[in-house]
$ cat coords_3.txt   # compact mmCIF, C-alpha atoms
# COMPACT_ATOMS: atom_id res chain seq x y z
CA MET A 40 77.40 95.72 157.21
CA LEU A 41 78.08 95.47 153.48
CA VAL A 42 79.80 98.19 151.45
CA ILE A 43 79.88 97.95 147.64
CA VAL A 44 82.75 99.76 145.91
CA ALA A 45 83.58 100.60 142.28
CA PRO A 46 87.19 100.99 141.09
CA GLY A 47 88.72 103.97 139.31
CA GLN A 48 90.91 104.52 136.28
CA GLY A 49 93.91 102.25 136.10
CA ALA A 50 92.02 99.15 137.21
CA GLN A 51 91.16 98.17 133.62
CA THR A 52 93.13 95.38 131.91
CA PRO A 53 92.93 94.09 128.32
CA GLY A 54 90.12 91.59 127.77
CA PHE A 55 88.63 91.86 131.28
CA LEU A 56 85.05 91.90 129.95
CA GLU A 57 85.44 88.83 127.71
CA PRO A 58 83.94 86.24 130.09
CA TRP A 59 81.07 88.56 130.99
CA LEU A 60 79.93 88.86 127.37
CA GLU A 61 79.13 85.16 127.27
CA ASP A 62 75.91 86.15 129.09
CA PRO A 63 73.42 87.47 126.47
CA ALA A 64 71.74 89.74 129.04
CA PHE A 65 75.05 91.36 129.98
CA ALA A 66 76.04 91.69 126.32
CA GLY A 67 72.71 93.30 125.42
CA ARG A 68 72.92 95.80 128.25
CA LEU A 69 76.49 96.64 127.30
CA ASP A 70 75.36 97.32 123.73
CA TRP A 71 72.73 99.72 125.08
CA LEU A 72 75.26 101.58 127.25
CA SER A 73 77.60 101.65 124.24
CA ALA A 74 74.86 103.36 122.24
CA VAL A 75 74.33 105.89 125.02
CA ALA A 76 78.05 106.60 125.37
CA GLY A 77 78.80 106.50 121.64
CA ILE A 78 81.66 104.07 122.27
CA ASP A 79 81.98 100.38 121.35
CA LEU A 80 82.49 99.15 124.90
CA ALA A 81 82.38 95.47 123.92
CA HIS A 82 85.36 95.98 121.60
CA TYR A 83 87.37 97.96 124.13
CA GLY A 84 86.58 95.51 126.92
CA THR A 85 87.64 92.45 124.93
CA LYS A 86 89.89 93.22 121.93
CA ALA A 87 91.70 96.49 122.65
CA ASP A 88 95.25 96.51 124.02
CA ALA A 89 96.47 98.16 127.21
CA GLU A 90 97.63 101.35 125.49
CA THR A 91 94.26 101.84 123.80
CA ILE A 92 92.20 101.45 126.98
CA ARG A 93 94.60 103.73 128.82
CA ASP A 94 92.98 106.60 126.91
CA THR A 95 90.94 108.54 129.46
CA ALA A 96 88.01 109.00 127.07
CA ILE A 97 87.78 105.21 126.68
CA ALA A 98 88.80 103.96 130.11
CA GLN A 99 86.26 105.95 132.10
CA PRO A 100 83.06 104.87 130.28
CA LEU A 101 84.38 101.32 130.18
CA LEU A 102 84.93 101.23 133.94
CA VAL A 103 81.57 102.75 134.85
CA ALA A 104 79.68 100.45 132.48
CA SER A 105 81.40 97.33 133.81
CA SER A 106 80.59 98.24 137.43
CA LEU A 107 76.95 99.04 136.63
CA LEU A 108 76.32 95.85 134.69
CA ALA A 109 78.11 93.59 137.14
CA ALA A 110 76.00 95.09 139.93
CA LEU A 111 72.88 94.23 137.89
CA ALA A 112 74.17 90.68 137.59
CA VAL A 113 74.49 90.47 141.38
CA PHE A 114 71.16 92.24 141.95
CA PRO A 115 68.86 91.47 138.98
CA HIS A 116 66.21 93.57 140.72
CA PRO A 117 67.98 96.82 141.72
CA SER A 118 65.64 97.44 144.64
CA ASP A 119 67.08 94.31 146.24
CA ALA A 120 70.36 96.17 146.68
CA PHE A 121 68.78 98.72 149.01
CA ARG A 122 67.65 95.92 151.32
CA THR A 123 71.21 94.65 151.73
CA MET A 124 73.68 97.45 150.94
CA GLY A 125 74.78 99.47 153.94
CA ALA A 126 76.81 101.93 151.87
CA ALA A 127 78.41 102.47 148.48
CA ALA A 128 81.57 104.25 147.37
CA GLY A 129 83.64 104.59 144.23
CA HIS A 130 87.23 105.63 143.70
CA SER A 131 87.47 108.64 141.36
CA VAL A 132 85.36 107.85 138.27
CA GLY A 133 83.98 104.85 140.17
CA GLU A 134 82.04 107.34 142.26
CA ILE A 135 79.72 107.87 139.28
CA ALA A 136 78.86 104.17 139.32
CA ALA A 137 78.28 104.39 143.08
CA ALA A 138 75.92 107.32 142.54
CA VAL A 139 73.85 105.14 140.20
CA GLY A 140 73.96 102.31 142.70
CA VAL A 141 72.29 104.41 145.41
CA GLY A 142 69.73 105.88 143.02
CA VAL A 143 71.04 109.44 142.50
CA LEU A 144 71.51 109.07 138.72
CA SER A 145 70.16 106.72 136.07
CA ALA A 146 72.55 104.49 134.15
CA GLU A 147 71.94 106.54 131.01
CA GLN A 148 72.68 109.83 132.79
CA ALA A 149 75.85 108.30 134.18
CA MET A 150 77.09 107.14 130.80
CA VAL A 151 76.58 110.56 129.22
CA LEU A 152 78.26 112.24 132.19
CA VAL A 153 81.24 109.88 132.18
CA ARG A 154 81.59 110.16 128.40
CA GLU A 155 81.88 113.93 128.69
CA ARG A 156 84.07 113.62 131.79
CA GLY A 157 86.56 111.40 129.99
CA LYS A 158 86.66 113.66 126.94
CA ALA A 159 87.02 116.82 129.01
CA MET A 160 89.78 115.37 131.19
CA ALA A 161 91.66 114.09 128.15
CA ALA A 162 91.43 117.55 126.60
CA ALA A 163 92.57 119.23 129.83
CA ALA A 164 95.57 116.89 130.01
CA LYS A 165 96.82 118.25 126.68
CA HIS A 166 97.25 121.77 128.04
CA ALA A 167 100.49 120.84 129.83
CA ALA A 168 102.80 117.83 130.23
CA THR A 169 101.57 116.34 133.50
CA SER A 170 101.48 112.92 135.11
CA MET A 171 101.24 111.01 138.40
CA THR A 172 103.61 108.95 140.57
CA ALA A 173 102.65 106.39 143.21
CA VAL A 174 104.51 106.71 146.49
CA LEU A 175 104.64 103.43 148.39
CA GLY A 176 105.82 103.26 151.96
CA GLY A 177 107.74 105.90 153.88
CA ASP A 178 106.63 108.04 156.79
CA ARG A 179 103.24 109.56 155.96
CA ASP A 180 104.03 113.05 157.22
CA GLU A 181 107.36 113.09 155.39
CA VAL A 182 105.76 111.80 152.20
CA LEU A 183 103.11 114.54 152.23
CA ALA A 184 105.71 117.19 153.11
CA LYS A 185 107.96 116.15 150.21
CA ILE A 186 105.04 116.17 147.79
CA ALA A 187 104.18 119.72 148.84
CA GLU A 188 107.83 120.80 148.78
CA HIS A 189 108.02 119.96 145.07
CA GLY A 190 104.78 121.79 144.28
CA LEU A 191 102.90 118.55 143.72
CA VAL A 192 99.47 117.47 144.94
CA ALA A 193 98.59 114.29 146.83
CA ALA A 194 95.93 113.56 144.22
CA ASN A 195 95.02 110.14 145.64
CA ASP A 196 95.41 109.47 149.35
CA ASN A 197 94.68 105.78 149.63
CA GLY A 198 95.68 105.31 153.23
CA PRO A 199 98.85 104.15 154.99
CA GLY A 200 101.72 103.55 152.60
CA GLN A 201 99.97 104.51 149.37
CA VAL A 202 99.76 108.09 148.13
CA VAL A 203 99.75 109.29 144.52
CA ALA A 204 101.58 112.53 143.72
CA ALA A 205 100.52 114.55 140.68
CA GLY A 206 101.83 117.58 138.83
CA THR A 207 103.97 118.57 135.89
CA VAL A 208 106.50 116.20 134.37
CA GLU A 209 109.30 118.53 135.53
CA GLN A 210 108.03 118.56 139.11
CA LEU A 211 107.73 114.79 139.15
CA ALA A 212 111.26 114.42 137.76
CA ALA A 213 112.61 116.58 140.59
CA PHE A 214 110.54 114.58 143.06
CA ALA A 215 112.08 111.35 141.72
CA GLU A 216 115.56 112.74 142.47
CA ASP A 217 114.61 113.99 145.92
CA GLY A 218 111.86 111.73 147.21
CA PRO A 219 110.90 110.83 150.76
CA ALA A 220 113.11 108.40 152.66
CA LYS A 221 112.21 104.71 152.67
CA ALA A 222 109.57 105.21 149.98
CA ARG A 223 109.36 103.60 146.56
CA LEU A 224 108.31 105.82 143.66
CA ILE A 225 106.47 104.29 140.71
CA PRO A 226 105.60 106.50 137.72
CA LEU A 227 102.07 105.75 136.57
CA SER A 228 100.96 105.27 132.97
CA VAL A 229 98.27 107.95 132.95
CA ALA A 230 97.39 110.75 130.57
CA GLY A 231 97.69 113.62 133.02
CA ALA A 232 97.58 114.99 136.57
CA PHE A 233 94.05 113.99 137.49
CA HIS A 234 92.42 115.43 140.60
CA THR A 235 94.55 118.57 140.54
CA GLU A 236 94.11 122.15 139.35
CA HIS A 237 95.30 120.97 135.91
CA MET A 238 91.81 119.47 135.46
CA GLU A 239 89.96 122.73 136.11
CA PRO A 240 88.92 123.12 132.42
CA ALA A 241 87.10 119.80 132.71
CA VAL A 242 85.29 121.00 135.83
CA GLN A 243 83.93 123.95 133.89
CA VAL A 244 82.66 121.70 131.09
CA LEU A 245 80.96 119.25 133.47
CA GLY A 246 79.49 122.03 135.58
CA HIS A 247 77.72 123.32 132.48
CA TYR A 248 76.24 119.90 131.67
CA ALA A 249 75.29 119.25 135.30
CA GLN A 250 72.76 122.09 135.19
CA ALA A 251 70.57 119.93 132.95
CA ILE A 252 70.81 116.71 134.99
CA THR A 253 67.98 115.75 137.34
CA THR A 254 68.85 113.81 140.48
CA HIS A 255 67.24 111.85 143.29
CA ASP A 256 68.37 111.68 146.90
CA PRO A 257 70.37 108.52 147.73
CA ARG A 258 68.47 105.50 148.99
CA SER A 259 71.53 104.15 150.76
CA ARG A 260 74.60 105.78 152.26
CA LEU A 261 76.95 107.28 149.67
CA ILE A 262 80.50 107.90 150.93
CA SER A 263 82.06 110.91 149.21
CA ASN A 264 85.59 110.92 147.79
CA ARG A 265 86.09 114.52 148.85
CA ASP A 266 86.06 113.98 152.61
CA GLY A 267 84.60 110.59 153.45
CA GLN A 268 81.31 112.16 154.50
CA ILE A 269 77.89 110.66 153.87
CA VAL A 270 76.05 112.83 151.33
CA HIS A 271 72.27 112.51 151.26
CA ASP A 272 71.24 115.29 148.86
CA GLY A 273 71.20 114.31 145.18
CA ARG A 274 72.14 117.77 143.91
CA GLU A 275 75.11 117.92 146.27
CA VAL A 276 76.21 114.47 145.08
CA LEU A 277 76.22 115.73 141.50
CA GLN A 278 78.10 118.90 142.44
CA ARG A 279 80.72 116.83 144.20
CA LEU A 280 81.08 114.54 141.18
CA VAL A 281 81.82 117.61 139.06
CA GLN A 282 84.22 119.23 141.53
CA GLN A 283 86.02 115.97 142.28
CA VAL A 284 87.66 116.03 138.86
CA SER A 285 90.11 118.68 140.13
CA ALA A 286 90.09 117.73 143.84
CA PRO A 287 92.11 115.00 145.58
CA VAL A 288 90.53 111.61 146.17
CA ARG A 289 90.53 111.01 149.93
CA TRP A 290 90.03 107.27 149.90
CA ASP A 291 91.71 107.14 153.29
CA LEU A 292 88.79 109.11 154.74
CA CYS A 293 86.30 106.91 152.87
CA MET A 294 87.80 103.88 154.59
CA GLN A 295 87.71 105.67 157.94
CA THR A 296 83.98 106.14 157.45
CA MET A 297 83.67 102.44 156.61
CA ALA A 298 85.44 101.68 159.87
CA ASP A 299 83.09 104.06 161.73
CA LEU A 300 80.17 102.15 160.22
CA ASN A 301 81.63 98.87 161.51
CA VAL A 302 81.61 97.41 158.02
CA THR A 303 82.13 93.65 157.94
CA GLY A 304 82.27 93.02 154.17
CA ILE A 305 83.43 94.94 151.09
CA LEU A 306 82.35 93.79 147.62
CA GLU A 307 84.26 95.32 144.71
CA MET A 308 82.78 95.49 141.22
CA PRO A 309 84.91 94.54 138.18
CA PRO A 310 87.59 95.08 137.16
CA ALA A 311 88.07 94.27 140.83
CA GLY A 312 91.14 93.87 143.01
CA THR A 313 92.56 97.34 143.56
CA LEU A 314 90.21 98.58 146.27
CA THR A 315 89.89 95.26 148.04
CA GLY A 316 93.69 95.10 148.09
CA ILE A 317 93.85 98.49 149.80
CA ALA A 318 91.13 97.46 152.25
CA LYS A 319 93.01 94.33 153.27
CA ARG A 320 95.89 96.50 154.44
CA ALA A 321 93.89 99.32 155.99
CA LEU A 322 90.77 97.62 157.39
CA LYS A 323 92.04 94.62 159.29
CA GLY A 324 89.41 92.00 159.99
CA VAL A 325 87.02 93.18 157.26
CA GLU A 326 86.18 90.45 154.75
CA THR A 327 86.60 91.40 151.09
CA PHE A 328 85.34 89.98 147.79
CA ALA A 329 86.81 91.02 144.43
CA LEU A 330 84.24 90.20 141.73
CA LYS A 331 86.27 89.62 138.57
CA THR A 332 84.43 87.01 136.49
CA PRO A 333 80.80 85.84 136.19
CA ASP A 334 81.59 82.38 137.55
CA GLN A 335 81.95 84.14 140.94
CA LEU A 336 78.38 85.47 140.95
CA ASP A 337 76.90 82.76 143.19
CA ASP A 338 79.69 83.30 145.71
CA ALA A 339 79.19 87.06 145.47
CA ARG A 340 75.48 86.68 146.26
CA ALA A 341 76.37 84.48 149.23
CA PHE A 342 78.78 87.20 150.38
CA VAL A 343 75.98 89.77 150.12
CA GLU A 344 73.64 87.51 152.09
CA LYS A 345 76.27 87.09 154.80
CA HIS A 346 77.10 90.77 155.27
CA GLY A 347 74.00 92.59 154.04
CA SER A 348 71.63 94.59 156.21
CA PRO A 349 68.73 96.90 155.28
CA SER A 350 69.50 100.52 154.48
CA GLU A 351 68.31 102.87 157.21
CA ILE A 352 67.60 105.58 154.65
CA ASP A 353 65.67 103.60 152.01
CA ALA A 354 62.53 105.55 152.89
CA SER A 355 59.32 106.27 151.06
CA PRO A 356 59.80 109.27 148.74
CA THR A 357 56.97 111.01 150.63
CA TRP A 358 59.42 111.56 153.49
CA ARG A 359 62.74 113.29 153.45
CA LEU A 360 65.41 112.22 155.90
CA LEU A 361 68.32 114.32 157.07
CA VAL A 362 71.22 112.09 158.00
CA SER A 363 74.49 112.49 159.85
CA PRO A 364 77.43 113.16 157.50
CA MET A 365 79.91 111.50 159.88
CA LYS A 366 80.43 109.81 163.23
CA GLY A 367 80.06 112.18 166.15
CA ILE A 368 77.79 113.70 168.78
CA PHE A 369 74.42 115.12 167.78
CA THR A 370 73.24 118.53 168.89
CA ARG A 371 70.54 120.87 167.66
CA GLY A 372 73.01 123.71 168.11
CA GLU A 373 72.42 127.12 169.63
CA GLN A 374 69.57 128.15 167.34
CA GLU A 375 65.96 127.73 168.44
CA PRO A 376 65.29 124.00 167.96
CA ARG A 377 62.61 122.95 165.51
CA GLU A 378 59.90 120.74 166.94
CA SER A 379 57.32 118.47 165.30
CA GLY A 380 55.07 120.56 163.08
CA ASP A 381 57.57 123.40 162.67
CA SER A 382 58.59 124.57 159.21
CA VAL A 383 62.20 124.41 158.07
CA GLN A 384 63.40 126.69 155.29
CA PRO A 385 65.47 125.43 152.33
CA GLY A 386 69.14 125.51 153.26
CA GLU A 387 68.44 125.97 156.96
CA THR A 388 70.80 124.38 159.50
CA VAL A 389 68.77 122.11 161.75
CA ALA A 390 71.50 120.22 163.60
CA ILE A 391 75.25 119.93 164.15
CA VAL A 392 77.38 116.81 164.41
CA LYS A 393 80.64 117.21 166.33
CA SER A 394 83.64 114.89 166.34
CA LEU A 395 87.15 115.23 167.75
CA ARG A 396 88.40 116.66 164.46
CA ASP A 397 85.41 118.47 162.99
CA SER A 398 82.02 120.09 163.50
CA LEU A 399 79.57 119.83 160.60
CA GLU A 400 76.23 121.51 160.06
CA VAL A 401 73.31 119.41 158.85
CA LYS A 402 71.19 121.49 156.48
CA ALA A 403 67.76 120.87 154.99
CA PRO A 404 68.41 121.37 151.26
CA HIS A 405 64.71 121.40 150.34
CA GLY A 406 63.16 122.58 153.59
CA GLY A 407 59.95 120.97 154.87
CA ILE A 408 57.92 120.36 158.02
CA VAL A 409 59.43 118.46 160.95
CA VAL A 410 57.61 115.15 161.37
CA GLU A 411 59.79 113.62 164.09
CA TRP A 412 63.28 113.71 165.54
CA LEU A 413 64.93 110.30 165.49
CA VAL A 414 67.75 111.10 167.96
CA GLU A 415 68.09 112.99 171.22
CA GLU A 416 70.37 115.88 172.18
CA GLY A 417 73.86 114.57 172.93
CA ASP A 418 73.33 111.18 171.32
CA PRO A 419 76.32 109.57 169.57
CA VAL A 420 75.48 109.05 165.88
CA SER A 421 77.08 107.02 163.11
CA PRO A 422 77.75 108.10 159.49
CA GLY A 423 74.48 108.19 157.56
CA GLN A 424 72.28 107.69 160.63
CA PRO A 425 68.86 109.34 160.16
CA LEU A 426 68.40 112.37 162.42
CA VAL A 427 65.00 113.83 161.51
CA ARG A 428 62.10 113.21 159.14
CA LEU A 429 60.77 116.14 157.13
CA HIS A 430 57.54 116.25 155.16
CA PRO A 431 57.84 118.24 151.91
CA GLN A 432 56.00 121.55 151.90
CA ALA A 433 53.69 122.44 149.02
CA GLY A 434 55.71 123.76 146.10
CA ALA A 435 59.05 122.40 147.39
CA ARG A 436 61.25 120.49 144.97

$ encode --input "coords_3.txt" --output "structure tokens"
Amino acid sequence: MLVIVAPGQGAQTPGFLEPWLEDPAFAGRLDWLSAVAGIDLAHYGTKADAETIRDTAIAQPLLVASSLLAALAVFPHPSDAFRTMGAAAGHSVGEIAAAVGVGVLSAEQAMVLVRERGKAMAAAAKHAATSMTAVLGGDRDEVLAKIAEHGLVAANDNGPGQVVAAGTVEQLAAFAEDGPAKARLIPLSVAGAFHTEHMEPAVQVLGHYAQAITTHDPRSRLISNRDGQIVHDGREVLQRLVQQVSAPVRWDLCMQTMADLNVTGILEMPPAGTLTGIAKRALKGVETFALKTPDQLDDARAFVEKHGSPSEIDASPTWRLLVSPMKGIFTRGEQEPRESGDSVQPGETVAIVKSLRDSLEVKAPHGGIVVEWLVEEGDPVSPGQPLVRLHPQAGAR
């Protein structure tokens, strides 16, 4: 199975888009996304220095645009991606690019959203002196305990040996003097404590804009930063994108879901390298491909051909699928089970998936009429596996 991932802030480097702009099609599309975002992305991706593109309001649109356009270079016909992509995920702001990749948002919607996200987060960062520190190595439990002891937040949990602590400059200074044993602390060059309560003002701004954004349900599995679950309702995806600004990125749980899916290949969009580097340490035996320059496109397409498989949820829009949010055991629960022909109300729980660590309800966000159940009581299910087909009822969204 193939998973396509998009990197987050910090992955950008000066001039990383320069070779890509030699392609007139890429350059033209970048100009269009620049017009949408109101930012000269070609300049910032080729001429600007590291300090300039560190600016949150610049870095975030630049990263999302580069991932979107590189994906178009790999898949000139976007529908081709749904026939080969088993899942998509993005780290932090990269999750917006992933949402476009599975069909939840349009590229134009994404660029407006990320423009406002970057501006709102930059503004929120000015309310207090905050920052982030990478914690490499050490005992995981001790690392997390020390972070909490100093009033910090594990804003990025990237798996074994790599956690990012975030909070005020004073808290981070105290943490540097009293850090976890056998761990290396590296202060990060960022504008603020992202994915913490310090970003709450940005959440409010984005929540207001999100009310006007239309969405579509994903056409392939989308792995959520919040908890590693598969999210198959477009409105919920958008809500999570808004809330994620002040919530920790659980990339460790995203990778656990990839493992549960038995992923064989991970393709990272440019500026690539960060997420494939993490995967090499955490997902042993999984092949990775970091797409950095356009001269790798033929090899990237061969990688897709090798690992790709059709999406189980790329269904006709006439049908609505409810899918499993995680790996576990399927049950219809204790409520009266719905059978073929029965109506399901919007928001109704129609199934439960249970694992060793959790029990999650599967709700029908739009309601509908049960067409057929695709699994049996007690069946083991994988993340994103279709459970039931629903036919929209008249008047349903």

$ atom_distance --input "coords_3.txt" --atom1 "CA of Pro287 (chain A)" --atom2 "CA of Glu275 (chain A)"
17.3 Å

$ closest_residue --input "coords_3.txt" --among "A:Lys323, A:His247, A:Arg154, A:His116" --to "Val75 (chain A)" --atoms "only C-alpha atoms"
A:Arg154

$ residues_around --input "coords_3.txt" --residues "region 105-115 of chain A" --least-positions-apart "4" --cutoff "8 Å" --atoms "all atoms listed in the file" --output "ChimeraX atom specification"
/A:45,56,65,68-69,101,119-120,133,136,139-140,146,308-310,336,339-340

$ residues_around --input "coords_3.txt" --residues "region 367-374 of chain A" --least-positions-apart "2" --cutoff "9 Å" --atoms "all atoms listed in the file" --output "number ranges by chain"
A: 363, 365, 376-377, 388-395, 397-398, 400, 414-422, 426

$ closest_residue --input "coords_3.txt" --among "A:Gln99, A:Thr303, A:Asn264, A:Thr52" --to "Val151 (chain A)" --atoms "only C-alpha atoms"
A:Gln99

$ residues_around --input "coords_3.txt" --residues "Val182 (chain A)" --least-positions-apart "2" --cutoff "12 Å" --atoms "all atoms listed in the file" --output "ChimeraX atom specification"
/A:173-180,184-189,191-193,196,199-204,214,217-224

$ closest_residue --input "coords_3.txt" --among "A:Ala87, A:Ala249, A:Val208, A:Leu261" --to "Gly142 (chain A)" --atoms "only C-alpha atoms"
A:Leu261

$ atom_distance --input "coords_3.txt" --atom1 "CA of Met160 (chain A)" --atom2 "CA of His82 (chain A)"
22.1 Å

$ atom_distance --input "coords_3.txt" --atom1 "CA of Gly304 (chain A)" --atom2 "CA of Arg260 (chain A)"
15.0 Å

$ closest_residue --input "coords_3.txt" --among "A:Gln335, A:Gln243, A:Ser170, A:Thr327" --to "Ser285 (chain A)" --atoms "all atoms listed in the file"
A:Gln243

$ residues_around --input "coords_3.txt" --residues "Met238 (chain A)" --least-positions-apart "2" --cutoff "9 Å" --atoms "all atoms listed in the file" --output "list in words"
Ala159, Met160, Ala163, Ala164, Gly231, Ala232, Phe233, His234, Thr235, Glu236, Pro240, Ala241, Val242, Val284, Ser285 and Ala286 of chain A

$ closest_residue --input "coords_3.txt" --among "A:Thr172, A:Thr313, A:Ser118, A:Thr296" --to "Ala194 (chain A)" --atoms "all atoms listed in the file"
A:Thr172

$ closest_residue --input "coords_3.txt" --among "A:Asp70, A:Glu344, A:Glu155, A:Asp299" --to "Leu245 (chain A)" --atoms "only C-alpha atoms"
A:Glu155

$ residues_around --input "coords_3.txt" --residues "Ala298 (chain A)" --least-positions-apart "4" --cutoff "12 Å" --atoms "only C-alpha atoms" --output "list of chain:residue names"
A:Met40, A:Leu41, A:Val42, A:Ala126, A:Ile262, A:Gly267, A:Asp291, A:Leu292, A:Cys293, A:Met294, A:Val302, A:Thr303, A:Gly304, A:Ile305, A:Ala318, A:Ala321, A:Leu322, A:Lys323, A:Gly324, A:Val325, A:Met365, A:Lys366, A:Ser421, A:Pro422

$ residues_near_point --input "coords_3.txt" --point "(81.1, 108.8, 143.3)" --cutoff "10 Å" --atoms "only C-alpha atoms" --output "MDAnalysis selection string"
chainID A and resid 44:45 47 127:140 261:265 276:277 279:281 283

$ axis_aligned_box --input "coords_3.txt" --around "region 232-250 of chain A" --padding-each-side "5 Å" --output "AutoDock Vina command-line options"
--center_x 85.2 --center_y 119.0 --center_z 135.8 --size_x 34.8 --size_y 20.0 --size_z 19.5

$ residues_near_point --input "coords_3.txt" --point "(70.7, 112.4, 160.8)" --cutoff "7 Å" --atoms "all atoms listed in the file" --output "list in words"
Leu361, Val362, Ser363, Gly423, Gln424, Pro425, Leu426 and Val427 of chain A

$ build_atoms --input "coords_3.txt" --residues "region 161-167 of chain A" --atoms "all heavy atoms" --output "compact mmCIF listing (two decimals), in the coordinates of the input"
# COMPACT_ATOMS: atom_id res chain seq x y z
N ALA A 161 90.63 114.34 129.16
CA ALA A 161 91.66 114.09 128.15
C ALA A 161 92.09 115.39 127.49
O ALA A 161 93.28 115.62 127.23
CB ALA A 161 91.13 113.10 127.11
N ALA A 162 91.11 116.26 127.21
CA ALA A 162 91.43 117.55 126.60
C ALA A 162 92.23 118.42 127.56
O ALA A 162 93.20 119.09 127.16
CB ALA A 162 90.15 118.26 126.19
N ALA A 163 91.85 118.43 128.84
CA ALA A 163 92.57 119.23 129.83
C ALA A 163 94.01 118.75 129.98
O ALA A 163 94.92 119.56 130.21
CB ALA A 163 91.84 119.16 131.17
N ALA A 164 94.22 117.45 129.85
CA ALA A 164 95.57 116.89 130.01
C ALA A 164 96.52 117.34 128.92
O ALA A 164 97.74 117.27 129.09
CB ALA A 164 95.49 115.36 130.05
N LYS A 165 95.97 117.82 127.79
CA LYS A 165 96.82 118.25 126.68
C LYS A 165 97.34 119.67 126.85
O LYS A 165 98.20 120.12 126.08
CB LYS A 165 96.04 118.13 125.37
CG LYS A 165 95.68 116.69 125.00
CD LYS A 165 94.86 116.64 123.72
CE LYS A 165 94.50 115.19 123.38
NZ LYS A 165 93.67 115.10 122.16
N HIS A 166 96.84 120.38 127.84
CA HIS A 166 97.25 121.77 128.04
C HIS A 166 98.68 121.87 128.58
O HIS A 166 99.35 122.89 128.38
CB HIS A 166 96.31 122.48 129.00
CG HIS A 166 94.94 122.68 128.43
ND1 HIS A 166 93.91 123.26 129.14
CD2 HIS A 166 94.42 122.39 127.21
CE1 HIS A 166 92.83 123.31 128.38
NE2 HIS A 166 93.11 122.78 127.22
N ALA A 167 99.13 120.84 129.27
CA ALA A 167 100.49 120.84 129.83
C ALA A 167 100.94 119.39 130.00
O ALA A 167 100.11 118.48 130.10
CB ALA A 167 100.53 121.57 131.17
